[in-house]
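Colleague: Just one file: query02.cif, with mmCIF, C-alpha atoms.
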data_final
loop_
_atom_site.group_PDB
_atom_site.id
_atom_site.type_symbol
_atom_site.label_atom_id
_atom_site.label_comp_id
_atom_site.auth_asym_id
_atom_site.auth_seq_id
_atom_site.Cartn_x
_atom_site.Cartn_y
_atom_site.Cartn_z
ATOM 1 C CA MET A 233 20.052 -17.380 105.101
ATOM 2 C CA LEU A 234 20.186 -15.800 101.690
ATOM 3 C CA GLN A 235 22.243 -17.418 98.978
ATOM 4 C CA PHE A 236 23.334 -15.589 95.824
ATOM 5 C CA PRO A 237 25.395 -16.944 92.964
ATOM 6 C CA GLY A 238 28.868 -16.334 94.382
ATOM 7 C CA SER A 239 27.960 -16.484 98.067
ATOM 8 C CA CYS A 240 30.494 -18.618 99.886
ATOM 9 C CA ASP A 241 29.880 -18.385 103.636
ATOM 10 C CA GLU A 242 26.217 -19.354 103.744
ATOM 11 C CA ARG A 243 26.821 -22.890 104.994
ATOM 12 C CA ASP A 244 29.070 -21.815 107.855
ATOM 13 C CA ALA A 245 26.502 -19.167 108.684
ATOM 14 C CA VAL A 246 23.643 -21.689 108.684
ATOM 15 C CA LEU A 247 25.669 -23.892 111.021
ATOM 16 C CA ALA A 248 26.241 -20.886 113.272
ATOM 17 C CA CYS A 249 22.503 -20.150 113.306
ATOM 18 C CA GLU A 250 21.738 -23.782 114.082
ATOM 19 C CA ARG A 251 23.738 -23.509 117.282
ATOM 20 C CA VAL A 252 21.104 -21.129 118.584
ATOM 21 C CA ASP A 253 17.952 -21.935 116.556
ATOM 22 C CA GLU A 254 16.830 -23.205 113.157
ATOM 23 C CA ALA A 255 17.822 -21.840 109.778
ATOM 24 C CA ARG A 256 17.318 -22.585 106.098
ATOM 25 C CA LEU A 257 18.874 -21.402 102.875
ATOM 26 C CA VAL A 258 16.882 -19.062 100.657
ATOM 27 C CA TRP A 259 17.881 -18.887 96.984
ATOM 28 C CA HIS A 260 18.204 -15.333 95.644
ATOM 29 C CA GLY A 261 15.407 -15.884 93.126
ATOM 30 C CA GLU A 262 12.790 -16.528 95.809
ATOM 31 C CA ALA A 263 10.492 -13.552 96.041
ATOM 32 C CA GLU A 264 8.331 -14.972 98.832
ATOM 33 C CA LEU A 265 10.193 -15.562 102.081
ATOM 34 C CA GLY A 266 7.158 -16.364 104.181
ATOM 35 C CA ASP A 267 7.221 -15.573 107.851
ATOM 36 C CA LEU A 268 10.930 -15.785 108.581
ATOM 37 C CA ASP A 269 11.792 -14.449 112.033
ATOM 38 C CA ALA A 270 15.107 -13.046 110.888
ATOM 39 C CA VAL A 271 17.308 -12.855 107.792
ATOM 40 C CA VAL A 272 21.070 -13.181 107.477
ATOM 41 C CA ILE A 273 22.862 -12.126 104.306
ATOM 42 C CA PRO A 274 26.138 -14.026 104.228
ATOM 43 C CA GLY A 275 29.598 -13.251 102.931
ATOM 44 C CA GLY A 276 31.057 -14.114 99.573
ATOM 45 C CA PHE A 277 31.236 -12.515 96.175
ATOM 46 C CA SER A 278 27.639 -12.238 95.009
ATOM 47 C CA TYR A 279 27.423 -11.934 91.221
ATOM 48 C CA GLY A 280 31.211 -11.901 91.132
ATOM 49 C CA ASP A 281 31.242 -8.505 92.882
ATOM 50 C CA TYR A 282 30.979 -7.066 89.358
ATOM 51 C CA LEU A 283 30.704 -3.288 89.135
ATOM 52 C CA ARG A 284 30.942 -2.838 92.929
ATOM 53 C CA ALA A 285 30.592 -5.363 95.727
ATOM 54 C CA GLY A 286 26.885 -5.849 96.364
ATOM 55 C CA ALA A 287 25.770 -3.584 93.514
ATOM 56 C CA ILE A 288 23.930 -6.259 91.555
ATOM 57 C CA ALA A 289 22.758 -8.496 94.406
ATOM 58 C CA ARG A 290 20.570 -5.706 95.721
ATOM 59 C CA PHE A 291 18.254 -6.195 92.727
ATOM 60 C CA ALA A 292 17.628 -9.896 93.438
ATOM 61 C CA PRO A 293 13.963 -10.850 93.987
ATOM 62 C CA ALA A 294 14.803 -12.064 97.506
ATOM 63 C CA MET A 295 16.081 -8.591 98.368
ATOM 64 C CA GLU A 296 12.639 -7.109 97.791
ATOM 65 C CA ALA A 297 11.333 -9.552 100.381
ATOM 66 C CA VAL A 298 14.194 -8.646 102.725
ATOM 67 C CA ARG A 299 13.275 -5.003 102.306
ATOM 68 C CA ALA A 300 9.702 -5.815 103.360
ATOM 69 C CA LEU A 301 10.840 -7.861 106.369
ATOM 70 C CA ALA A 302 13.172 -5.055 107.421
ATOM 71 C CA ALA A 303 10.318 -2.582 107.133
ATOM 72 C CA ALA A 304 8.252 -4.889 109.361
ATOM 73 C CA GLY A 305 10.964 -4.651 112.016
ATOM 74 C CA ARG A 306 12.419 -8.156 111.649
ATOM 75 C CA PRO A 307 16.122 -8.556 112.412
ATOM 76 C CA VAL A 308 18.361 -8.467 109.340
ATOM 77 C CA LEU A 309 22.097 -9.103 109.660
ATOM 78 C CA GLY A 310 24.521 -8.573 106.789
ATOM 79 C CA ILE A 311 27.963 -10.106 107.096
ATOM 80 C CA CYS A 312 30.810 -8.881 104.876
ATOM 81 C CA ASN A 313 29.349 -9.142 101.348
ATOM 82 C CA GLY A 314 25.949 -9.055 103.056
ATOM 83 C CA PHE A 315 26.931 -5.733 104.628
ATOM 84 C CA GLN A 316 27.979 -4.443 101.211
ATOM 85 C CA VAL A 317 24.642 -5.558 99.747
ATOM 86 C CA LEU A 318 22.666 -3.799 102.497
ATOM 87 C CA CYS A 319 24.625 -0.559 101.987
ATOM 88 C CA GLU A 320 24.109 -0.713 98.222
ATOM 89 C CA ALA A 321 20.407 -1.366 98.817
ATOM 90 C CA GLY A 322 20.182 1.735 100.963
ATOM 91 C CA LEU A 323 19.058 -0.290 103.981
ATOM 92 C CA LEU A 324 22.237 0.705 105.829
ATOM 93 C CA PRO A 325 24.171 3.978 105.724
ATOM 94 C CA GLY A 326 27.531 4.417 104.022
ATOM 95 C CA ALA A 327 29.431 2.465 101.398
ATOM 96 C CA LEU A 328 32.299 -0.010 101.313
ATOM 97 C CA LEU A 329 35.388 0.865 99.296
ATOM 98 C CA PRO A 330 38.451 -1.189 98.358
ATOM 99 C CA ASN A 331 40.821 -1.664 101.299
ATOM 100 C CA ALA A 332 43.212 1.254 101.753
ATOM 101 C CA GLY A 333 46.145 -1.171 101.546
ATOM 102 C CA LEU A 334 44.871 -2.575 98.222
ATOM 103 C CA ARG A 335 45.300 -6.105 99.564
ATOM 104 C CA PHE A 336 42.880 -8.801 100.543
ATOM 105 C CA VAL A 337 43.023 -9.018 104.341
ATOM 106 C CA CYS A 338 42.380 -12.283 106.147
ATOM 107 C CA ARG A 339 43.053 -12.308 109.852
ATOM 108 C CA GLN A 340 41.592 -12.353 113.340
ATOM 109 C CA VAL A 341 40.689 -8.865 114.601
ATOM 110 C CA GLU A 342 39.458 -7.426 117.884
ATOM 111 C CA VAL A 343 36.114 -5.700 117.575
ATOM 112 C CA GLU A 344 34.384 -3.652 120.255
ATOM 113 C CA VAL A 345 30.632 -3.533 120.755
ATOM 114 C CA GLU A 346 29.511 0.091 120.963
ATOM 115 C CA SER A 347 25.771 -0.329 121.021
ATOM 116 C CA THR A 348 23.669 -3.083 122.537
ATOM 117 C CA GLU A 349 20.385 -1.627 121.335
ATOM 118 C CA THR A 350 20.445 -3.424 118.009
ATOM 119 C CA ALA A 351 19.064 -6.716 116.758
ATOM 120 C CA ALA A 352 22.593 -8.113 116.423
ATOM 121 C CA THR A 353 23.961 -7.023 119.797
ATOM 122 C CA ALA A 354 21.057 -7.437 122.226
ATOM 123 C CA ALA A 355 22.906 -10.307 123.928
ATOM 124 C CA CYS A 356 26.177 -8.341 124.190
ATOM 125 C CA GLN A 357 27.427 -5.934 126.814
ATOM 126 C CA ARG A 358 28.586 -2.476 125.814
ATOM 127 C CA GLY A 359 32.369 -2.558 125.542
ATOM 128 C CA ASP A 360 32.510 -6.299 124.863
ATOM 129 C CA ARG A 361 35.661 -7.112 122.943
ATOM 130 C CA LEU A 362 35.035 -9.825 120.370
ATOM 131 C CA SER A 363 37.709 -11.782 118.547
ATOM 132 C CA ILE A 364 36.343 -12.366 115.032
ATOM 133 C CA PRO A 365 38.082 -12.906 111.684
ATOM 134 C CA VAL A 366 37.894 -10.560 108.712
ATOM 135 C CA LYS A 367 38.510 -11.631 105.120
ATOM 136 C CA HIS A 368 37.755 -9.098 102.456
ATOM 137 C CA MET A 369 39.036 -6.923 99.631
ATOM 138 C CA SER A 370 36.503 -4.087 99.889
ATOM 139 C CA GLY A 371 35.888 -3.420 103.552
ATOM 140 C CA ARG A 372 36.740 0.241 103.926
ATOM 141 C CA TRP A 373 33.507 1.670 105.251
ATOM 142 C CA PHE A 374 32.930 5.292 104.383
ATOM 143 C CA ALA A 375 30.319 7.913 105.122
ATOM 144 C CA PRO A 376 30.622 11.665 104.529
ATOM 145 C CA PRO A 377 31.671 13.615 107.674
ATOM 146 C CA ARG A 378 28.239 15.002 108.436
ATOM 147 C CA ALA A 379 26.513 11.632 108.064
ATOM 148 C CA LEU A 380 29.193 9.992 110.206
ATOM 149 C CA ALA A 381 28.731 12.586 112.960
ATOM 150 C CA GLU A 382 25.001 11.945 112.918
ATOM 151 C CA LEU A 383 25.516 8.175 113.160
ATOM 152 C CA GLU A 384 27.953 8.627 116.054
ATOM 153 C CA LYS A 385 25.541 10.903 117.861
ATOM 154 C CA SER A 386 22.588 8.585 117.474
ATOM 155 C CA GLY A 387 24.526 5.488 118.564
ATOM 156 C CA ARG A 388 24.305 3.689 115.232
ATOM 157 C CA ILE A 389 27.985 2.804 115.076
ATOM 158 C CA VAL A 390 27.530 -0.723 116.416
ATOM 159 C CA PHE A 391 31.005 -2.239 116.079
ATOM 160 C CA ARG A 392 34.404 -0.607 115.995
ATOM 161 C CA TYR A 393 37.810 -2.156 115.384
ATOM 162 C CA ALA A 394 39.827 -1.952 118.614
ATOM 163 C CA ALA A 395 42.735 0.519 118.662
ATOM 164 C CA GLY A 396 45.349 -0.523 116.129
ATOM 165 C CA GLU A 397 43.171 -3.274 114.642
ATOM 166 C CA ASN A 398 41.589 -1.460 111.678
ATOM 167 C CA PRO A 399 42.430 -3.776 108.762
ATOM 168 C CA ASN A 400 41.105 -1.738 105.856
ATOM 169 C CA GLY A 401 41.191 2.015 106.515
ATOM 170 C CA SER A 402 37.529 2.361 107.505
ATOM 171 C CA VAL A 403 36.717 5.883 108.619
ATOM 172 C CA ALA A 404 36.637 6.192 112.453
ATOM 173 C CA ASP A 405 37.551 2.488 112.720
ATOM 174 C CA VAL A 406 33.928 1.571 111.992
ATOM 175 C CA ALA A 407 33.394 -2.189 111.626
ATOM 176 C CA GLY A 408 29.581 -2.271 111.644
ATOM 177 C CA VAL A 409 26.534 0.005 111.629
ATOM 178 C CA ALA A 410 22.765 -0.144 112.139
ATOM 179 C CA ASN A 411 19.760 1.444 110.478
ATOM 180 C CA GLU A 412 17.683 4.019 112.288
ATOM 181 C CA ARG A 413 15.330 1.433 113.737
ATOM 182 C CA ARG A 414 18.297 -0.767 114.739
ATOM 183 C CA ASN A 415 16.794 -3.970 113.365
ATOM 184 C CA VAL A 416 19.130 -3.987 110.353
ATOM 185 C CA VAL A 417 22.820 -4.399 111.159
ATOM 186 C CA GLY A 418 25.866 -5.000 108.974
ATOM 187 C CA LEU A 419 29.513 -5.674 109.733
ATOM 188 C CA MET A 420 32.631 -6.695 107.834
ATOM 189 C CA PRO A 421 34.028 -9.258 110.339
ATOM 190 C CA HIS A 422 32.633 -12.799 110.136
ATOM 191 C CA PRO A 423 30.906 -13.895 113.363
ATOM 192 C CA GLU A 424 29.915 -17.207 111.705
ATOM 193 C CA HIS A 425 33.600 -18.170 111.609
ATOM 194 C CA ALA A 426 33.931 -17.590 115.357
ATOM 195 C CA VAL A 427 31.405 -19.927 116.933
ATOM 196 C CA ASP A 428 33.664 -22.659 118.313
ATOM 197 C CA PRO A 429 36.758 -22.460 120.554
ATOM 198 C CA LEU A 430 38.259 -25.156 118.332
ATOM 199 C CA THR A 431 38.759 -22.552 115.608
ATOM 200 C CA GLY A 432 40.068 -19.862 117.931
ATOM 201 C CA SER A 433 37.021 -18.049 119.249
ATOM 202 C CA ALA A 434 33.331 -18.483 120.001
ATOM 203 C CA ASP A 435 32.690 -14.746 120.399
ATOM 204 C CA GLY A 436 30.648 -14.572 117.200
ATOM 205 C CA LEU A 437 27.897 -16.680 118.748
ATOM 206 C CA LYS A 438 26.723 -13.639 120.682
ATOM 207 C CA LEU A 439 25.506 -12.042 117.475
ATOM 208 C CA PHE A 440 23.405 -15.063 116.558
ATOM 209 C CA GLU A 441 22.048 -15.269 120.109
ATOM 210 C CA SER A 442 21.153 -11.597 119.771
ATOM 211 C CA LEU A 443 19.215 -12.236 116.563
ATOM 212 C CA VAL A 444 17.182 -14.961 118.274
ATOM 213 C CA ARG A 445 16.504 -12.753 121.258
ATOM 214 C CA SER A 446 15.502 -9.811 119.040
ATOM 215 C CA ALA A 447 13.268 -11.996 116.870
ATOM 216 C CA ALA A 448 11.401 -13.383 119.871
ATOM 217 C CA PRO A 449 8.130 -11.750 120.904
ATOM 218 C CA ALA A 450 8.573 -8.906 123.360
ATOM 219 C CA ALA A 451 7.136 -11.067 126.155
ATOM 220 C CA VAL A 452 10.594 -12.215 127.283
ATOM 221 C CA MET B 254 29.837 6.331 81.141
ATOM 222 C CA LEU B 255 32.914 7.497 82.996
ATOM 223 C CA ILE B 256 32.770 6.726 86.683
ATOM 224 C CA ARG B 257 35.407 7.958 89.073
ATOM 225 C CA PRO B 258 35.936 8.199 92.822
ATOM 226 C CA LYS B 259 34.479 11.390 94.254
ATOM 227 C CA GLU B 260 36.853 14.209 95.111
ATOM 228 C CA GLY B 261 38.139 13.734 98.653
ATOM 229 C CA ILE B 262 37.718 9.962 98.686
ATOM 230 C CA LEU B 263 40.993 8.116 99.119
ATOM 231 C CA ASP B 264 41.769 6.265 95.896
ATOM 232 C CA PRO B 265 44.540 3.799 96.758
ATOM 233 C CA GLN B 266 44.680 2.501 93.175
ATOM 234 C CA GLY B 267 45.351 5.992 91.869
ATOM 235 C CA LYS B 268 48.003 6.520 94.550
ATOM 236 C CA ALA B 269 49.731 3.260 93.660
ATOM 237 C CA VAL B 270 49.826 4.186 89.979
ATOM 238 C CA GLU B 271 51.087 7.671 90.815
ATOM 239 C CA ARG B 272 53.893 6.308 92.971
ATOM 240 C CA ALA B 273 54.987 3.943 90.206
ATOM 241 C CA LEU B 274 55.312 6.630 87.537
ATOM 242 C CA PRO B 275 58.597 8.349 88.529
ATOM 243 C CA ALA B 276 60.377 4.999 88.560
ATOM 244 C CA LEU B 277 59.388 4.585 84.919
ATOM 245 C CA GLY B 278 60.646 8.028 84.025
ATOM 246 C CA PHE B 279 57.249 9.744 83.866
ATOM 247 C CA ASP B 280 57.752 12.917 85.854
ATOM 248 C CA GLY B 281 55.343 15.740 86.430
ATOM 249 C CA VAL B 282 52.220 13.584 86.728
ATOM 250 C CA SER B 283 50.026 13.982 89.800
ATOM 251 C CA HIS B 284 46.473 13.524 91.075
ATOM 252 C CA VAL B 285 46.032 10.137 89.429
ATOM 253 C CA ARG B 286 42.520 8.762 89.897
ATOM 254 C CA VAL B 287 41.466 5.349 88.669
ATOM 255 C CA GLY B 288 37.843 4.963 87.650
ATOM 256 C CA ARG B 289 35.736 2.823 85.393
ATOM 257 C CA LEU B 290 34.500 3.056 81.819
ATOM 258 C CA VAL B 291 31.193 1.460 80.878
ATOM 259 C CA GLU B 292 30.345 1.359 77.179
ATOM 260 C CA LEU B 293 26.815 0.705 76.025
ATOM 261 C CA GLU B 294 24.395 1.255 73.202
ATOM 262 C CA ALA B 295 21.214 3.049 74.106
ATOM 263 C CA GLU B 296 18.136 4.063 72.188
ATOM 264 C CA ASP B 297 17.067 7.675 72.149
ATOM 265 C CA GLY B 298 15.275 8.617 75.300
ATOM 266 C CA ALA B 299 16.861 5.956 77.493
ATOM 267 C CA ASP B 300 17.194 7.359 80.979
ATOM 268 C CA LEU B 301 20.959 7.138 81.292
ATOM 269 C CA GLU B 302 21.102 9.457 84.303
ATOM 270 C CA ALA B 303 18.880 7.087 86.284
ATOM 271 C CA LEU B 304 20.912 4.139 85.055
ATOM 272 C CA CYS B 305 24.051 5.735 86.463
ATOM 273 C CA GLU B 306 22.392 6.786 89.717
ATOM 274 C CA LYS B 307 20.788 3.419 90.383
ATOM 275 C CA LEU B 308 23.387 0.950 89.198
ATOM 276 C CA LEU B 309 26.531 2.024 87.391
ATOM 277 C CA ALA B 310 27.708 4.491 90.043
ATOM 278 C CA ASN B 311 27.209 4.760 93.772
ATOM 279 C CA PRO B 312 26.540 8.498 94.144
ATOM 280 C CA LEU B 313 27.799 8.458 97.742
ATOM 281 C CA ILE B 314 31.335 7.644 96.642
ATOM 282 C CA GLU B 315 31.463 8.098 92.852
ATOM 283 C CA ASP B 316 30.878 10.788 90.238
ATOM 284 C CA TYR B 317 29.791 9.901 86.751
ATOM 285 C CA GLU B 318 29.873 11.541 83.373
ATOM 286 C CA ILE B 319 27.867 10.508 80.325
ATOM 287 C CA LEU B 320 29.730 10.850 77.047
ATOM 288 C CA SER B 321 27.942 10.234 73.780
ATOM 289 C CA ALA B 322 29.540 9.006 70.573
ATOM 290 C CA GLY B 323 26.162 8.658 68.887
ATOM 291 C CA SER B 324 25.585 9.748 65.308
ATOM 292 C CA GLU B 325 22.157 11.273 65.896
ATOM 293 C CA SER B 326 21.662 12.453 69.449
ATOM 294 C CA GLY B 327 24.311 14.567 71.124
#
With the file now loaded, output its structure as structure tokens.
Modeller:
Amino acid sequence: MLQFPGSCDERDAVLACERVDEARLVWHGEAELGDLDAVVIPGGFSYGDYLRAGAIARFAPAMEAVRALAAAGRPVLGICNGFQVLCEAGLLPGALLPNAGLRFVCRQVEVEVESTETAATAACQRGDRLSIPVKHMSGRWFAPPRALAELEKSGRIVFRYAAGENPNGSVADVAGVANERRNVVGLMPHPEHAVDPLTGSADGLKLFESLVRSAAPAAV
Amino acid sequence: MLIRPKEGILDPQGKAVERALPALGFDGVSHVRVGRLVELEAEDGADLEALCEKLLANPLIEDYEILSAGSESG
């Protein structure tokens, strides 16, 4: 679990990971991550979101190591600010713009799983409807029409807001996407805040279970 | 450096400003776009294009323009 100055969801996310496996925090200045099985980049406001959300965090020493792990095929999940960081780093397609409504949105949304062939959805069923909260100011995912068509065609739109649930004006209701190899996934909703029925939903656990399953040797 | 949202990208800030103008008596103003101004001092030969491409602007969603107020180089 990466931690930047300004991250704020890393502890919830570690707790979510610990429901399915082990996890530890990695400070952004660490350039050597060792043999981590998977990386999660949590939500928050890394480096104050100065310039653009995620624009500065992508240059952190730990991100070089994340880049190497991603290239080695390890699962990498970016949540909210983590998604913004991965897009800015060029590890995921598209960019995240300020919400169309110009307001911070914080509410439970319904998200549909469109692809189960990714590191973050291997434990999901296609069409699963997950109840997960969003809380962000810059969550309007955008990709130019041609790039979007290509992503749609190749099944790299991983999560979509259910009809009428789009909280930020994202093009084609996109809530999360994957890289070409499908080991790097990012989404705006916060699965780490939906891991216990006590707080409204445990649907987010499926994403963490997916990471564990995808990180495991292919023998399973 | 002047950085602004690319043509065709919805700019809700610009829209909000535009909608507010008539109420203040400013008529005849349209196509408001809100961008960003970054001022810096650079030595001759600094690769400002790369600086914009890699950090100051996200070329997928923003255009940039480099304006120089320098006394020597143009």
Colleague: Name the residues that the PyMOL selection byres ((chain B and resi 261-276) around 6) pulls out of this structure, and write them as number ranges by chain.
Modeller: A: 332; B: 259-260, 277-280, 285-287
Colleague: Could you state which residues are captured by the PyMOL selection byres ((chain A) within 10 of (chain B)) in this file, as an NGL selection string?
Modeller: :A and (283-284 or 287-288 or 290-291 or 320-321 or 325-334 or 374-376 or 401)
Colleague: If you measure from CA of Met295 in chain A to CA of Phe236 in chain A, what distance in Å do you get, rounded to one decimal?
Modeller: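 Result for CA of Met295 in chain A versus CA of Phe236 in chain A: 10.4 Å, one decimal.
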Colleague: Which residues fall under the PyMOL selection byres ((chain A and resi 315) around 8) in this file, as an mmCIF file with C-alpha atoms, in the frame of the given file?
Modeller:
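Okay, this is what ended up in selection04.cif:
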data_model
loop_
_atom_site.group_PDB
_atom_site.id
_atom_site.type_symbol
_atom_site.label_atom_id
_atom_site.label_comp_id
_atom_site.auth_asym_id
_atom_site.auth_seq_id
_atom_site.Cartn_x
_atom_site.Cartn_y
_atom_site.Cartn_z
ATOM 1 C CA ILE A 273 22.862 -12.126 104.306
ATOM 2 C CA LEU A 309 22.097 -9.103 109.660
ATOM 3 C CA GLY A 310 24.521 -8.573 106.789
ATOM 4 C CA ILE A 311 27.963 -10.106 107.096
ATOM 5 C CA CYS A 312 30.810 -8.881 104.876
ATOM 6 C CA ASN A 313 29.349 -9.142 101.348
ATOM 7 C CA GLY A 314 25.949 -9.055 103.056
ATOM 8 C CA GLN A 316 27.979 -4.443 101.211
ATOM 9 C CA VAL A 317 24.642 -5.558 99.747
ATOM 10 C CA LEU A 318 22.666 -3.799 102.497
ATOM 11 C CA CYS A 319 24.625 -0.559 101.987
ATOM 12 C CA VAL A 417 22.820 -4.399 111.159
ATOM 13 C CA GLY A 418 25.866 -5.000 108.974
ATOM 14 C CA LEU A 419 29.513 -5.674 109.733
ATOM 15 C CA MET A 420 32.631 -6.695 107.834
#
Colleague: In Å to one decimal, how far is CA of His368 in chain A from CA of Ala285 in chain A?
Modeller: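 Separating CA of Ala285 in chain A from CA of His368 in chain A is a distance of 10.5 Å.
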Colleague: Just want the 9 Å neighbourhood of Cys305 in chain B, counted on only C-alpha atoms, with same-chain residues fewer than 6 positions away dropped. Output as number ranges by chain.
Modeller: B: 254, 256, 311-312, 317-319
Colleague: My structure is short of atoms at range 247-266 of chain A; please model N, CA and C atoms there, returning them as a compact mmCIF listing (two decimals), in the coordinates of the input.
Modeller:
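Saved the output as out.txt:
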# COMPACT_ATOMS: atom_id res chain seq x y z
N LEU A 247 25.22 -23.09 109.87
CA LEU A 247 25.67 -23.89 111.02
C LEU A 247 25.74 -23.04 112.29
N ALA A 248 26.18 -21.80 112.12
CA ALA A 248 26.24 -20.89 113.27
C ALA A 248 24.84 -20.63 113.81
N CYS A 249 23.89 -20.39 112.90
CA CYS A 249 22.50 -20.15 113.31
C CYS A 249 21.94 -21.38 114.01
N GLU A 250 22.30 -22.55 113.51
CA GLU A 250 21.74 -23.78 114.08
C GLU A 250 22.26 -24.07 115.49
N ARG A 251 23.29 -23.37 115.89
CA ARG A 251 23.74 -23.51 117.28
C ARG A 251 22.79 -22.80 118.25
N VAL A 252 22.00 -21.87 117.71
CA VAL A 252 21.10 -21.13 118.58
C VAL A 252 19.63 -21.32 118.22
N ASP A 253 19.35 -21.78 116.99
CA ASP A 253 17.95 -21.94 116.56
C ASP A 253 17.93 -22.73 115.24
N GLU A 254 16.90 -22.54 114.45
CA GLU A 254 16.83 -23.20 113.16
C GLU A 254 17.09 -22.21 112.04
N ALA A 255 17.58 -22.73 110.91
CA ALA A 255 17.82 -21.84 109.78
C ALA A 255 17.68 -22.63 108.49
N ARG A 256 17.35 -21.94 107.42
CA ARG A 256 17.32 -22.58 106.10
C ARG A 256 17.88 -21.62 105.06
N LEU A 257 18.36 -22.21 103.97
CA LEU A 257 18.87 -21.40 102.88
C LEU A 257 17.72 -20.87 102.03
N VAL A 258 17.86 -19.67 101.55
CA VAL A 258 16.88 -19.06 100.66
C VAL A 258 17.61 -18.65 99.39
N TRP A 259 17.24 -19.22 98.25
CA TRP A 259 17.88 -18.89 96.98
C TRP A 259 17.49 -17.47 96.57
N HIS A 260 18.42 -16.76 95.95
CA HIS A 260 18.20 -15.33 95.64
C HIS A 260 17.00 -15.06 94.76
N GLY A 261 16.54 -16.09 94.01
CA GLY A 261 15.41 -15.88 93.13
C GLY A 261 14.05 -15.99 93.81
N GLU A 262 14.06 -16.40 95.08
CA GLU A 262 12.79 -16.53 95.81
C GLU A 262 12.27 -15.15 96.18
N ALA A 263 11.05 -14.86 95.74
CA ALA A 263 10.49 -13.55 96.04
C ALA A 263 9.62 -13.60 97.30
N GLU A 264 9.17 -14.82 97.64
CA GLU A 264 8.33 -14.97 98.83
C GLU A 264 9.16 -15.65 99.92
N LEU A 265 9.39 -14.96 101.01
CA LEU A 265 10.19 -15.56 102.08
C LEU A 265 9.34 -16.07 103.22
N GLY A 266 8.03 -15.88 103.12
CA GLY A 266 7.16 -16.36 104.18
C GLY A 266 7.39 -15.60 105.47
